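> Input query_32.pdb, format and content: PDB, C-alpha atoms.
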```
MODEL        1
ATOM      1  CA  MET A   1     140.393  92.024  75.166
ATOM      2  CA  ILE A   2     137.976  89.131  74.627
ATOM      3  CA  LEU A   3     134.494  89.040  76.170
ATOM      4  CA  ILE A   4     132.997  85.584  76.780
ATOM      5  CA  THR A   5     129.274  85.335  77.565
ATOM      6  CA  GLY A   6     127.796  82.142  79.019
ATOM      7  CA  ALA A   7     131.248  81.444  80.423
ATOM      8  CA  ASN A   8     130.114  78.880  83.017
ATOM      9  CA  GLY A   9     128.905  76.371  80.425
ATOM     10  CA  GLN A  10     130.902  73.625  78.707
ATOM     11  CA  LEU A  11     132.067  75.724  75.755
ATOM     12  CA  GLY A  12     132.737  78.851  77.826
ATOM     13  CA  HIS A  13     134.822  76.791  80.252
ATOM     14  CA  ASP A  14     136.996  75.419  77.444
ATOM     15  CA  PHE A  15     137.526  78.831  75.843
ATOM     16  CA  GLN A  16     138.764  80.054  79.220
ATOM     17  CA  ARG A  17     141.111  77.075  79.487
ATOM     18  CA  ILE A  18     142.562  77.725  76.018
ATOM     19  CA  PHE A  19     142.996  81.462  76.620
ATOM     20  CA  THR A  20     144.609  80.863  80.031
ATOM     21  CA  GLU A  21     147.050  78.385  78.424
ATOM     22  CA  LYS A  22     147.899  80.922  75.701
ATOM     23  CA  ASN A  23     148.101  83.922  78.088
ATOM     24  CA  ILE A  24     145.312  85.702  76.191
ATOM     25  CA  ALA A  25     143.371  88.301  78.190
ATOM     26  CA  TYR A  26     139.624  87.731  78.522
ATOM     27  CA  ILE A  27     136.596  88.726  80.597
ATOM     28  CA  ALA A  28     134.346  85.784  81.497
ATOM     29  CA  THR A  29     130.701  86.574  82.227
ATOM     30  CA  ASP A  30     127.574  84.602  82.967
ATOM     31  CA  HIS A  31     124.002  85.868  83.360
ATOM     32  CA  LYS A  32     124.744  87.075  86.888
ATOM     33  CA  GLU A  33     127.426  89.477  85.604
ATOM     34  CA  LEU A  34     125.836  90.398  82.278
ATOM     35  CA  ASP A  35     122.235  90.214  81.046
ATOM     36  CA  ILE A  36     122.675  89.673  77.301
ATOM     37  CA  THR A  37     118.917  90.047  76.753
ATOM     38  CA  ASN A  38     119.283  93.776  77.574
ATOM     39  CA  ILE A  39     121.238  95.553  74.839
ATOM     40  CA  ASP A  40     121.735  98.680  76.964
ATOM     41  CA  SER A  41     123.307  96.571  79.712
ATOM     42  CA  VAL A  42     125.658  95.071  77.140
ATOM     43  CA  ARG A  43     126.559  98.513  75.770
ATOM     44  CA  SER A  44     127.394  99.865  79.208
ATOM     45  CA  PHE A  45     129.332  96.694  80.151
ATOM     46  CA  VAL A  46     131.669  96.865  77.119
ATOM     47  CA  LYS A  47     132.269 100.619  77.444
ATOM     48  CA  ASP A  48     135.975 101.509  77.851
ATOM     49  CA  LYS A  49     137.039  97.836  78.058
ATOM     50  CA  ASN A  50     138.717  97.724  74.607
ATOM     51  CA  ILE A  51     136.822  94.576  73.606
ATOM     52  CA  ASP A  52     137.979  93.363  70.169
ATOM     53  CA  LEU A  53     136.182  89.983  70.160
ATOM     54  CA  ILE A  54     132.848  88.859  71.629
ATOM     55  CA  ILE A  55     132.320  85.106  72.005
ATOM     56  CA  ASN A  56     128.706  84.233  72.768
ATOM     57  CA  CYS A  57     128.489  80.854  74.510
ATOM     58  CA  ALA A  58     125.174  81.679  76.214
ATOM     59  CA  ALA A  59     122.055  79.857  75.050
ATOM     60  CA  TYR A  60     118.714  78.429  76.100
ATOM     61  CA  ASN A  61     119.359  74.683  75.754
ATOM     62  CA  ASN A  62     116.345  72.938  77.311
ATOM     63  CA  VAL A  63     114.803  71.690  74.057
ATOM     64  CA  ASP A  64     111.615  70.282  75.614
ATOM     65  CA  LYS A  65     110.980  73.089  78.108
ATOM     66  CA  ALA A  66     111.309  75.606  75.257
ATOM     67  CA  GLU A  67     107.929  74.418  73.984
ATOM     68  CA  GLU A  68     106.426  76.121  77.086
ATOM     69  CA  GLU A  69     109.015  78.886  77.552
ATOM     70  CA  SER A  70     109.117  80.100  73.956
ATOM     71  CA  GLU A  71     109.557  83.773  74.858
ATOM     72  CA  MET A  72     112.697  83.137  76.930
ATOM     73  CA  CYS A  73     114.026  80.723  74.300
ATOM     74  CA  TYR A  74     113.649  83.338  71.528
ATOM     75  CA  LYS A  75     115.216  86.033  73.736
ATOM     76  CA  LEU A  76     118.347  83.967  74.395
ATOM     77  CA  ASN A  77     118.692  82.075  71.115
ATOM     78  CA  ALA A  78     117.601  84.673  68.532
ATOM     79  CA  TYR A  79     117.416  88.271  69.772
ATOM     80  CA  ALA A  80     120.324  88.327  72.268
ATOM     81  CA  PRO A  81     122.773  86.883  69.692
ATOM     82  CA  ARG A  82     121.636  89.588  67.237
ATOM     83  CA  ASP A  83     121.987  92.331  69.864
ATOM     84  CA  LEU A  84     125.504  91.156  70.727
ATOM     85  CA  ALA A  85     126.339  91.339  67.007
ATOM     86  CA  ILE A  86     124.978  94.902  66.899
ATOM     87  CA  VAL A  87     127.112  95.909  69.902
ATOM     88  CA  ALA A  88     130.175  94.193  68.400
ATOM     89  CA  LYS A  89     129.653  96.238  65.233
ATOM     90  CA  GLU A  90     129.280  99.467  67.245
ATOM     91  CA  ILE A  91     132.621  98.924  69.008
ATOM     92  CA  GLY A  92     134.454  97.389  66.019
ATOM     93  CA  ALA A  93     134.887  93.949  67.616
ATOM     94  CA  GLU A  94     134.690  90.603  65.850
ATOM     95  CA  TYR A  95     131.843  88.311  66.907
ATOM     96  CA  ILE A  96     131.172  84.595  67.126
ATOM     97  CA  THR A  97     128.018  82.769  68.239
ATOM     98  CA  TYR A  98     126.671  79.215  68.073
ATOM     99  CA  SER A  99     123.771  77.392  66.485
ATOM    100  CA  THR A 100     122.713  73.768  66.217
ATOM    101  CA  ASP A 101     122.094  70.770  63.963
ATOM    102  CA  PHE A 102     118.488  70.991  65.237
ATOM    103  CA  VAL A 103     117.767  73.639  62.562
ATOM    104  CA  PHE A 104     117.349  70.724  60.116
ATOM    105  CA  ASP A 105     114.429  68.295  59.920
ATOM    106  CA  GLY A 106     116.456  65.184  59.042
ATOM    107  CA  SER A 107     114.804  64.503  55.706
ATOM    108  CA  LYS A 108     118.080  64.718  53.747
ATOM    109  CA  LYS A 109     119.749  61.522  55.059
ATOM    110  CA  SER A 110     123.228  62.739  54.136
ATOM    111  CA  PRO A 111     125.430  65.271  55.996
ATOM    112  CA  TYR A 112     124.019  68.797  56.018
ATOM    113  CA  THR A 113     126.111  71.603  54.506
ATOM    114  CA  GLU A 114     125.939  75.343  55.121
ATOM    115  CA  ASP A 115     123.989  75.721  51.848
ATOM    116  CA  ASP A 116     121.105  73.456  52.850
ATOM    117  CA  GLU A 117     117.748  75.044  53.682
ATOM    118  CA  VAL A 118     116.859  75.059  57.363
ATOM    119  CA  SER A 119     113.616  73.390  58.379
ATOM    120  CA  PRO A 120     113.212  73.553  62.177
ATOM    121  CA  LEU A 121     110.903  71.127  63.997
ATOM    122  CA  SER A 122     110.605  72.759  67.454
ATOM    123  CA  VAL A 123     110.502  76.122  69.241
ATOM    124  CA  TYR A 124     114.168  75.668  70.218
ATOM    125  CA  SER A 125     115.258  75.003  66.638
ATOM    126  CA  GLU A 126     113.065  77.796  65.214
ATOM    127  CA  ALA A 127     114.687  80.297  67.604
ATOM    128  CA  LYS A 128     118.181  79.060  66.715
ATOM    129  CA  ALA A 129     117.456  79.288  62.969
ATOM    130  CA  LEU A 130     116.179  82.849  63.400
ATOM    131  CA  GLY A 131     119.269  83.712  65.460
ATOM    132  CA  GLU A 132     121.571  82.590  62.634
ATOM    133  CA  LYS A 133     119.719  84.764  60.120
ATOM    134  CA  LEU A 134     119.552  87.855  62.341
ATOM    135  CA  VAL A 135     123.259  87.726  63.256
ATOM    136  CA  LEU A 136     124.456  87.293  59.683
ATOM    137  CA  GLU A 137     122.207  90.174  58.586
ATOM    138  CA  ALA A 138     123.300  92.415  61.471
ATOM    139  CA  TYR A 139     127.084  92.300  61.138
ATOM    140  CA  GLU A 140     129.468  91.203  58.395
ATOM    141  CA  LYS A 141     132.326  90.419  60.835
ATOM    142  CA  SER A 142     130.379  87.580  62.463
ATOM    143  CA  PHE A 143     130.984  83.847  62.667
ATOM    144  CA  VAL A 144     127.955  81.622  63.211
ATOM    145  CA  ILE A 145     128.923  78.039  64.029
ATOM    146  CA  ARG A 146     126.451  75.174  63.988
ATOM    147  CA  THR A 147     127.395  72.230  66.145
ATOM    148  CA  SER A 148     125.798  69.054  67.515
ATOM    149  CA  TRP A 149     125.449  67.001  70.698
ATOM    150  CA  VAL A 150     127.989  68.979  72.722
ATOM    151  CA  PHE A 151     129.650  67.415  75.758
ATOM    152  CA  GLY A 152     132.420  68.707  78.018
ATOM    153  CA  ILE A 153     133.821  68.533  81.509
ATOM    154  CA  ALA A 154     132.123  71.685  82.850
ATOM    155  CA  ASN A 155     128.483  70.640  82.872
ATOM    156  CA  ASN A 156     125.898  67.888  82.612
ATOM    157  CA  ASN A 157     125.597  66.179  79.215
ATOM    158  CA  PHE A 158     124.503  62.926  77.591
ATOM    159  CA  ASN A 159     127.795  61.114  78.366
ATOM    160  CA  ARG A 160     127.519  61.953  82.061
ATOM    161  CA  GLN A 161     123.853  60.922  82.089
ATOM    162  CA  VAL A 162     124.705  57.546  80.563
ATOM    163  CA  ILE A 163     127.444  56.979  83.150
ATOM    164  CA  ASN A 164     125.061  57.939  85.971
ATOM    165  CA  TRP A 165     122.283  55.722  84.582
ATOM    166  CA  SER A 166     124.700  52.786  84.420
ATOM    167  CA  LYS A 167     125.491  52.967  88.150
ATOM    168  CA  GLY A 168     123.476  50.317  89.947
ATOM    169  CA  ARG A 169     121.578  49.296  86.793
ATOM    170  CA  ASP A 170     122.242  46.260  84.645
ATOM    171  CA  THR A 171     119.900  47.182  81.753
ATOM    172  CA  LEU A 172     119.617  50.425  79.776
ATOM    173  CA  ALA A 173     117.613  51.365  76.670
ATOM    174  CA  ILE A 174     118.904  54.147  74.365
ATOM    175  CA  VAL A 175     117.400  55.403  71.106
ATOM    176  CA  ASP A 176     119.084  54.344  67.874
ATOM    177  CA  ASP A 177     116.948  56.487  65.525
ATOM    178  CA  GLN A 178     118.543  59.879  66.309
ATOM    179  CA  VAL A 179     121.747  60.188  64.303
ATOM    180  CA  SER A 180     124.319  63.013  64.246
ATOM    181  CA  ALA A 181     127.800  63.410  65.802
ATOM    182  CA  PRO A 182     128.780  63.990  69.443
ATOM    183  CA  THR A 183     131.046  67.066  69.738
ATOM    184  CA  TYR A 184     133.671  67.611  72.434
ATOM    185  CA  SER A 185     133.439  71.184  73.702
ATOM    186  CA  TYR A 186     137.245  71.528  73.896
ATOM    187  CA  ASP A 187     137.497  70.750  70.162
ATOM    188  CA  LEU A 188     134.625  73.133  69.455
ATOM    189  CA  ALA A 189     136.461  75.929  71.302
ATOM    190  CA  LEU A 190     139.880  75.135  69.820
ATOM    191  CA  TYR A 191     138.770  74.974  66.165
ATOM    192  CA  SER A 192     136.526  78.016  66.637
ATOM    193  CA  TRP A 193     139.590  79.917  67.881
ATOM    194  CA  LYS A 194     141.596  78.768  64.857
ATOM    195  CA  LEU A 195     138.751  79.887  62.583
ATOM    196  CA  ILE A 196     138.613  83.326  64.222
ATOM    197  CA  GLN A 197     142.281  83.839  63.248
ATOM    198  CA  THR A 198     141.402  83.400  59.551
ATOM    199  CA  LYS A 199     138.888  86.304  59.520
ATOM    200  CA  ALA A 200     136.899  84.213  57.012
ATOM    201  CA  TYR A 201     133.554  85.318  58.467
ATOM    202  CA  GLY A 202     130.253  83.577  57.842
ATOM    203  CA  LEU A 203     128.297  80.410  58.598
ATOM    204  CA  TYR A 204     130.099  77.144  59.422
ATOM    205  CA  ASN A 205     129.286  73.618  60.546
ATOM    206  CA  LEU A 206     131.625  72.236  63.199
ATOM    207  CA  SER A 207     131.175  68.857  64.836
ATOM    208  CA  ASN A 208     133.545  66.010  65.576
ATOM    209  CA  GLY A 209     134.224  63.628  62.707
ATOM    210  CA  GLY A 210     132.218  60.483  62.061
ATOM    211  CA  ILE A 211     128.592  59.669  62.643
ATOM    212  CA  ALA A 212     126.703  58.072  65.542
ATOM    213  CA  SER A 213     123.280  57.352  66.910
ATOM    214  CA  LYS A 214     122.569  58.034  70.575
ATOM    215  CA  TYR A 215     122.793  54.247  71.012
ATOM    216  CA  ASP A 216     126.266  54.171  69.372
ATOM    217  CA  GLN A 217     127.434  57.020  71.616
ATOM    218  CA  ALA A 218     126.123  55.349  74.777
ATOM    219  CA  LYS A 219     127.663  52.005  73.786
ATOM    220  CA  TYR A 220     131.065  53.620  73.220
ATOM    221  CA  VAL A 221     130.942  55.348  76.624
ATOM    222  CA  LEU A 222     129.752  52.217  78.468
ATOM    223  CA  ASP A 223     132.335  49.967  76.760
ATOM    224  CA  SER A 224     135.048  52.501  77.623
ATOM    225  CA  ILE A 225     134.192  52.475  81.339
ATOM    226  CA  GLY A 226     133.852  48.669  81.447
ATOM    227  CA  TRP A 227     130.120  48.459  82.224
ATOM    228  CA  ASN A 228     128.937  44.836  82.213
ATOM    229  CA  GLY A 229     125.193  45.407  81.782
ATOM    230  CA  THR A 230     122.894  45.000  78.773
ATOM    231  CA  LEU A 231     122.298  47.937  76.424
ATOM    232  CA  ASN A 232     119.055  47.681  74.467
ATOM    233  CA  ARG A 233     117.965  49.653  71.415
ATOM    234  CA  ALA A 234     114.963  51.959  71.773
ATOM    235  CA  LYS A 235     113.028  54.301  69.464
ATOM    236  CA  SER A 236     112.273  57.987  69.946
ATOM    237  CA  SER A 237     108.557  57.147  69.892
ATOM    238  CA  ASP A 238     109.097  55.107  73.095
ATOM    239  CA  PHE A 239     109.703  58.371  74.969
ATOM    240  CA  LYS A 240     106.929  60.939  74.847
ATOM    241  CA  LEU A 241     108.931  64.164  74.666
ATOM    242  CA  PRO A 242     107.298  67.565  73.981
ATOM    243  CA  ALA A 243     109.777  68.702  71.279
ATOM    244  CA  LYS A 244     110.114  66.888  67.976
ATOM    245  CA  ARG A 245     113.652  65.838  67.009
ATOM    246  CA  ALA A 246     115.154  65.064  63.620
ATOM    247  CA  GLU A 247     116.104  61.432  63.038
ATOM    248  CA  TYR A 248     119.178  62.512  61.062
ATOM    249  CA  SER A 249     121.115  65.750  61.555
ATOM    250  CA  LYS A 250     124.775  64.972  60.856
ATOM    251  CA  LEU A 251     126.678  68.158  59.940
ATOM    252  CA  ASP A 252     129.229  68.300  57.128
ATOM    253  CA  SER A 253     132.336  70.086  58.512
ATOM    254  CA  SER A 254     134.286  70.088  55.234
ATOM    255  CA  LYS A 255     133.984  73.889  54.757
ATOM    256  CA  ILE A 256     135.769  74.699  58.016
ATOM    257  CA  GLU A 257     138.293  71.908  57.371
ATOM    258  CA  ARG A 258     139.123  73.493  53.996
ATOM    259  CA  VAL A 259     139.498  76.959  55.536
ATOM    260  CA  LEU A 260     141.733  75.647  58.353
ATOM    261  CA  GLY A 261     143.578  73.061  56.268
ATOM    262  CA  GLU A 262     143.082  70.338  58.865
ATOM    263  CA  LYS A 263     140.641  67.618  59.876
ATOM    264  CA  ILE A 264     138.417  67.798  62.951
ATOM    265  CA  PRO A 265     139.093  64.798  65.288
ATOM    266  CA  SER A 266     136.588  61.940  65.508
ATOM    267  CA  TRP A 267     133.806  61.848  68.086
ATOM    268  CA  GLN A 268     135.411  58.725  69.584
ATOM    269  CA  SER A 269     138.642  60.690  70.161
ATOM    270  CA  GLY A 270     136.588  63.436  71.829
ATOM    271  CA  ILE A 271     134.896  60.965  74.185
ATOM    272  CA  ASP A 272     138.260  59.336  75.022
ATOM    273  CA  ARG A 273     139.689  62.723  76.064
ATOM    274  CA  PHE A 274     136.521  63.655  77.958
ATOM    275  CA  LEU A 275     136.651  60.401  79.961
ATOM    276  CA  ASN A 276     140.331  61.037  80.702
ATOM    277  CA  GLU A 277     139.377  64.475  82.037
ATOM    278  CA  MET A 278     136.760  62.846  84.278
ATOM    279  CA  LYS A 279     139.402  60.394  85.566
ATOM    280  CA  GLU A 280     141.889  63.209  86.238
ATOM    281  CA  LYS A 281     139.226  65.030  88.262
ATOM    282  CA  GLY A 282     138.392  61.865  90.209
ATOM    283  CA  GLU A 283     134.872  61.744  88.728
ATOM    284  CA  LEU A 284     135.296  58.311  87.146
TER     285      LEU A 284
ENDMDL
END
```
Could you take the file, read its structure, and then write that structure out as structure tokens?


Amino acid sequence: MILITGANGQLGHDFQRIFTEKNIAYIATDHKELDITNIDSVRSFVKDKNIDLIINCAAYNNVDKAEEESEMCYKLNAYAPRDLAIVAKEIGAEYITYSTDFVFDGSKKSPYTEDDEVSPLSVYSEAKALGEKLVLEAYEKSFVIRTSWVFGIANNNFNRQVINWSKGRDTLAIVDDQVSAPTYSYDLALYSWKLIQTKAYGLYNLSNGGIASKYDQAKYVLDSIGWNGTLNRAKSSDFKLPAKRAEYSKLDSSKIERVLGEKIPSWQSGIDRFLNEMKEKGEL
């Protein structure tokens, strides 16, 4: 039996879709069903359920608000992932959790590998970096996957924001000095699942192929939906945000591609499939 935490988010939704398609039994929980910040609650929840895999999709994702809510951010992004790893070890289950490209400061200017030193710039990224370390120290049968700029059908994300901004507006300004790779949550779930089958535990980078600025991503989305307005380039310094962000945080996914023996699809392919999902649901 598989336990999914944070099941109502983009990634949790897509894991459920994959497992339903494959007739794999799972228990989907969100914070209302399971408080992952309380290890005793987790222990009692998993008791007698024959859990053999825990997938942690829960996270504190409000990067700017984390500057004020550091305690909650650390609870959800560092200590809860570690506690889930501890419980997984106690019951003999495998474990997978997620981190972020934000653990890097962007000074490298070429894709970051799993061997690069982390250098977080914000409370959010500090908590995520600590979470990686604590999980890998706590349990040898853990996967920690770093990803970037996740978007999916189940929740709000940058692509949806851009589409909403474009409605009734003929001019938009998007930053071109934040560079990484948008990642489709369905691909993140699917290739994570393939990785779990290998039992090659450890730290991995997993984002869609290619590289993009926020401007490039917005332009691709707006061109795809046939928006006729003007898209202007902006700089991060134009927007006074509480949390500092790296200018460059592209992840190198070649380690996971070697282990799986296949390439991760491009970010453009991910956006194409995401927009098709929106159309199928009547949202576009």

> Step by step, work through what the PyMOL selection byres ((chain A and resi 101) around 8) selects in the shown file, and finish by giving those residues as a PyMOL selection string.

chain A and resi 99-100+102-104+146-148+249-251

> Any idea what's packed within 9 Å of range 208-219 of chain A, counting only C-alpha atoms, ignoring anything in its chain fewer than 2 positions away? Could you give it as a VMD selection string?

chain A and resid 147 to 148 158 to 159 162 to 163 173 to 184 187 to 188 206 221 to 224 231 to 234 248 250 252 to 253 263 to 271

> Give me the range 67-182 of chain A side of the contact with range 35-40 of chain A, cut-off 12 Å, one line per residue showing its nearest atom pair and distance in Å at one decimal, counting only C-alpha atoms, sorted by chain and residue number, as CSV.


```
residue,atom,partner,partner_atom,distance
A:Glu71,CA,A:Thr37,CA,11.4
A:Met72,CA,A:Thr37,CA,9.3
A:Cys73,CA,A:Thr37,CA,10.8
A:Tyr74,CA,A:Thr37,CA,10.0
A:Lys75,CA,A:Thr37,CA,6.2
A:Leu76,CA,A:Thr37,CA,6.5
A:Asn77,CA,A:Thr37,CA,9.8
A:Ala78,CA,A:Thr37,CA,9.9
A:Tyr79,CA,A:Thr37,CA,7.4
A:Ala80,CA,A:Thr37,CA,5.0
A:Pro81,CA,A:Ile36,CA,8.1
A:Arg82,CA,A:Ile39,CA,9.7
A:Asp83,CA,A:Ile39,CA,6.0
A:Leu84,CA,A:Ile36,CA,7.3
A:Ala85,CA,A:Ile39,CA,10.3
A:Ile86,CA,A:Ile39,CA,8.8
A:Val87,CA,A:Ile39,CA,7.7
A:Ala88,CA,A:Ile39,CA,11.1
A:Glu90,CA,A:Ile39,CA,11.7
```

> With all atoms listed in the file as the atoms that count, which of A:Lys281, A:Lys47, A:Lys255, A:Lys194 lies nearest to Asp115 in chain A?

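The shortest atom-to-atom distance to Asp115 in chain A comes from A:Lys255.
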
> For each of A:Leu11, A:Ala138, A:Val259, A:Val123, take the minimum atom-to-atom distance to Gln197 in chain A, counting only C-alpha atoms, then give the residue where this is smallest.

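Closest candidate: A:Val259.
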
> Pick from A:Lys65, A:Ser122, A:Tyr95, A:Ile18: nearest to Thr5 in chain A, with only C-alpha atoms counted?

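Of A:Lys65, A:Ser122, A:Tyr95, A:Ile18, the one nearest Thr5 in chain A is A:Tyr95, counting only C-alpha atoms.
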
> Decode the PyMOL selection byres ((chain A and resi 13) around 10) for the given file into explicit residues and return them as a ChimeraX atom specification.

/A:4,6-12,14-18,28,57,152-155,185-186,189

> Pick out the closest residue to Ser44 in chain A from this set: A:Asp170, A:Ile91, A:Lys109, A:Lys133. Count only C-alpha atoms.

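Using only C-alpha atoms, the shortest distance to Ser44 in chain A belongs to A:Ile91.
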
> Around all listed atoms of range 134-138 of chain A, padded 6 Å per side, what centre and edge lengths does the axis-aligned box have in Å to one decimal, as lines of an AutoDock Vina configuration file?


```
center_x = 122.0
center_y = 89.9
center_z = 60.9
size_x = 16.9
size_y = 17.1
size_z = 16.7
```

> Select all residues near (108.1, 73.0, 65.7) (cut-off 12 Å, inclusive, file coordinates), counting only C-alpha atoms, and output them as JSON, numbers by chain.

{"A": [63, 64, 66, 67, 68, 70, 102, 103, 104, 105, 119, 120, 121, 122, 123, 124, 125, 126, 127, 128, 129, 242, 243, 244, 245, 246]}

> In Å to one decimal, how far is CA of Tyr60 in chain A from CA of Lys199 in chain A?

27.3 Å

> Please compute the CA of Ser142 in chain A-CA of Tyr201 in chain A distance, one decimal, in Å.

5.6 Å

> Rounded to one decimal, what separation in Å do you get between CA of Thr171 in chain A and CA of Asn228 in chain A?

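Between CA of Thr171 in chain A and CA of Asn228 in chain A the gap is 9.3 Å.
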
> Within 8 Å of Ile51 in chain A, counting all atoms listed in the file, which residues qualify if same-chain residues fewer than 6 places away don't, as a list in words?

Met1, Ile2, Leu3, Ile91 and Ala93 of chain A

> Which residue is closest to Glu277 in chain A? Choose from A:Leu53, A:Phe151, A:Tyr139, A:Thr230 and count only C-alpha atoms.

A:Phe151

> May I ask you to restore N, CA and C atoms in range 204-222 of chain A and write the result as a short mmCIF file (atom, residue, chain, number, x, y, z; two decimals), in the frame of the given file?


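Contents of the output file rebuild00.cif:
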```
data_model
loop_
_atom_site.label_atom_id
_atom_site.label_comp_id
_atom_site.auth_asym_id
_atom_site.auth_seq_id
_atom_site.Cartn_x
_atom_site.Cartn_y
_atom_site.Cartn_z
N TYR A 204 129.31 78.39 59.48
CA TYR A 204 130.10 77.14 59.42
C TYR A 204 129.42 76.04 60.22
N ASN A 205 129.63 74.80 59.76
CA ASN A 205 129.29 73.62 60.55
C ASN A 205 130.56 73.11 61.20
N LEU A 206 130.46 72.76 62.48
CA LEU A 206 131.62 72.24 63.20
C LEU A 206 131.18 71.20 64.22
N SER A 207 131.41 69.94 63.87
CA SER A 207 131.18 68.86 64.84
C SER A 207 132.33 67.88 64.70
N ASN A 208 132.49 67.02 65.69
CA ASN A 208 133.54 66.01 65.58
C ASN A 208 133.27 65.08 64.40
N GLY A 209 134.33 64.49 63.89
CA GLY A 209 134.22 63.63 62.71
C GLY A 209 133.48 62.33 62.99
N GLY A 210 132.95 61.73 61.93
CA GLY A 210 132.22 60.48 62.06
C GLY A 210 130.74 60.72 62.30
N ILE A 211 130.05 59.62 62.50
CA ILE A 211 128.59 59.67 62.64
C ILE A 211 128.17 58.65 63.70
N ALA A 212 127.13 58.97 64.46
CA ALA A 212 126.70 58.07 65.54
C ALA A 212 125.24 58.29 65.86
N SER A 213 124.60 57.23 66.29
CA SER A 213 123.28 57.35 66.91
C SER A 213 123.51 57.56 68.41
N LYS A 214 122.46 57.94 69.11
CA LYS A 214 122.57 58.03 70.58
C LYS A 214 122.96 56.67 71.17
N TYR A 215 122.44 55.61 70.58
CA TYR A 215 122.79 54.25 71.01
C TYR A 215 124.29 54.00 70.83
N ASP A 216 124.83 54.36 69.65
CA ASP A 216 126.27 54.17 69.37
C ASP A 216 127.12 54.94 70.38
N GLN A 217 126.70 56.18 70.67
CA GLN A 217 127.43 57.02 71.62
C GLN A 217 127.43 56.39 73.01
N ALA A 218 126.24 55.98 73.45
CA ALA A 218 126.12 55.35 74.78
C ALA A 218 126.96 54.07 74.85
N LYS A 219 126.91 53.27 73.80
CA LYS A 219 127.66 52.00 73.79
C LYS A 219 129.16 52.28 73.89
N TYR A 220 129.64 53.29 73.18
CA TYR A 220 131.06 53.62 73.22
C TYR A 220 131.48 54.05 74.63
N VAL A 221 130.65 54.88 75.26
CA VAL A 221 130.94 55.35 76.62
C VAL A 221 130.94 54.17 77.59
N LEU A 222 129.90 53.33 77.53
CA LEU A 222 129.75 52.22 78.47
C LEU A 222 130.85 51.17 78.28
#
```
